[in-house]
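J.: Could you have a look at this structure, given as structure tokens, before my questions?
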Amino acid sequence: MPDSHPNPSELLETVLEPLLEDFQYWFTRAQTLLQSERITLLSLEEQEKLLERVKKSQQEVSTAQLLFKTLGKQAGIDTNVLVPWHQLVAECWQVSRRWRAYKKDKG
């Protein structure tokens, strides 16, 4: 019976590559929202700081994707790097959810 466990390289390609793509997707959506609308639930300073954090994280993810591809999909990313990205995505989801609810109530 063949070994059903993927080798580390396959695991990285199967899990890490789509994860990085997901981060880029959600950061792009957050950036679009934060640049296109004035989120009155946040102070202007809070909105600007959140946008800057999103842009910085997008650059970090882009760098990680480039390194991953350049190294033949053989390099992983420490969870200490992934966790803040995940937390930022969750924060952006919350802002977006609250903003949609606010606009719906006002609409």
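Numbering starts fresh at 1 for the residues of each chain in the structure tokens, the chains themselves are lettered A, B, ... in the order given, and ligands are numbered from 1 as they appear.
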Select from segment 42-104 of chain A everything DSSP, run on the backbone, classes as helix (DSSP H, G or I), then give the selection as a ChimeraX atom specification.
T.: /A:44-70,79-104
J.: Counting only C-alpha atoms, which of A:Arg38, A:Lys55, A:Lys49, A:His5 gets nearest to Gln24 of chain A?
T.: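 Smallest separation from Gln24 of chain A among the options: A:Lys55.
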J.: What does the distance from atom CA of Ser57 of chain A to atom CA of Leu41 of chain A come to in Å, to one decimal?
T.: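 Spanning atom CA of Ser57 of chain A to atom CA of Leu41 of chain A is a straight-line distance of 22.4 Å.
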J.: Quick check, in Å to one decimal: how far apart do atom CA of Gln31 of chain A and atom CA of Lys106 of chain A lie?
T.: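 Atom CA of Lys106 of chain A lies at a distance of 23.1 Å from atom CA of Gln31 of chain A.
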J.: Any idea what's packed within 12 Å of Glu60 of chain A, counting only C-alpha atoms, ignoring anything in its chain fewer than 2 positions away? Could you give it as a ChimeraX atom specification?
T.: /A:20,23-24,27,53-58,62-67,77,81-82,84-85
J.: Just N, CA and C atoms for this one: save the residues we selected as a compact mmCIF listing (two decimals), in the first residue's frame.
T.:
# COMPACT_ATOMS: atom_id res chain seq x y z
N LEU A 20 -1.23 31.71 1.08
CA LEU A 20 -0.66 33.00 0.70
C LEU A 20 -1.56 33.72 -0.30
N PHE A 23 -4.43 35.22 1.64
CA PHE A 23 -4.03 36.45 2.33
C PHE A 23 -4.05 37.62 1.34
N GLN A 24 -3.47 37.41 0.16
CA GLN A 24 -3.44 38.49 -0.84
C GLN A 24 -4.86 38.92 -1.22
N PHE A 27 -6.44 40.86 1.77
CA PHE A 27 -5.80 42.16 1.95
C PHE A 27 -6.16 43.11 0.82
N ARG A 53 -1.28 49.15 7.69
CA ARG A 53 -0.96 47.79 8.13
C ARG A 53 -1.31 46.77 7.05
N VAL A 54 -2.43 47.00 6.37
CA VAL A 54 -2.83 46.10 5.28
C VAL A 54 -1.80 46.16 4.16
N LYS A 55 -1.40 47.37 3.77
CA LYS A 55 -0.41 47.52 2.69
C LYS A 55 0.92 46.86 3.07
N LYS A 56 1.35 47.06 4.31
CA LYS A 56 2.60 46.46 4.77
C LYS A 56 2.51 44.93 4.72
N SER A 57 1.39 44.40 5.17
CA SER A 57 1.21 42.94 5.16
C SER A 57 1.13 42.41 3.73
N GLN A 58 0.50 43.16 2.84
CA GLN A 58 0.47 42.75 1.43
C GLN A 58 1.89 42.63 0.87
N SER A 62 3.65 39.27 -0.47
CA SER A 62 4.26 39.24 -1.81
C SER A 62 5.70 38.75 -1.75
N THR A 63 6.44 39.22 -0.77
CA THR A 63 7.82 38.79 -0.58
C THR A 63 7.88 37.29 -0.27
N ALA A 64 6.99 36.83 0.60
CA ALA A 64 6.94 35.41 0.95
C ALA A 64 6.60 34.56 -0.28
N GLN A 65 5.66 35.04 -1.09
CA GLN A 65 5.30 34.31 -2.31
C GLN A 65 6.48 34.23 -3.27
N LEU A 66 7.19 35.34 -3.42
CA LEU A 66 8.35 35.37 -4.30
C LEU A 66 9.43 34.41 -3.82
N LEU A 67 9.72 34.44 -2.54
CA LEU A 67 10.72 33.53 -1.98
C LEU A 67 10.30 32.07 -2.13
N ILE A 77 7.05 28.99 5.98
CA ILE A 77 6.97 30.27 6.67
C ILE A 77 6.64 29.99 8.13
N VAL A 81 5.07 34.45 11.71
CA VAL A 81 4.84 35.40 10.62
C VAL A 81 3.38 35.30 10.16
N LEU A 82 2.85 34.09 10.10
CA LEU A 82 1.50 33.87 9.60
C LEU A 82 0.41 34.39 10.56
N PRO A 84 0.14 37.02 12.68
CA PRO A 84 -0.28 38.42 12.57
C PRO A 84 -1.08 38.70 11.29
N TRP A 85 -0.73 38.02 10.20
CA TRP A 85 -1.50 38.20 8.97
C TRP A 85 -2.93 37.71 9.17
J.: When you look at Ile39 of chain A with a cut-off of 10 Å (counting only C-alpha atoms), what residues show up, excluding the ones that are within fewer than 4 positions of it in the same chain? I need them as a ChimeraX atom specification.
T.: /A:33-35,43-44,46-47,95-96,98-99,102-103
J.: For the atom pair atom CA of Arg100 of chain A and atom CA of Glu45 of chain A, what is the interatomic distance in Å to one decimal place?
T.: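 Going from atom CA of Arg100 of chain A over to atom CA of Glu45 of chain A covers 20.2 Å.
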J.: Given the choices A:Leu19, A:Gln74, A:Cys92, A:Gln87, which gets closest to Leu50 of chain A if the distance is worked out from only C-alpha atoms?
T.: A:Cys92
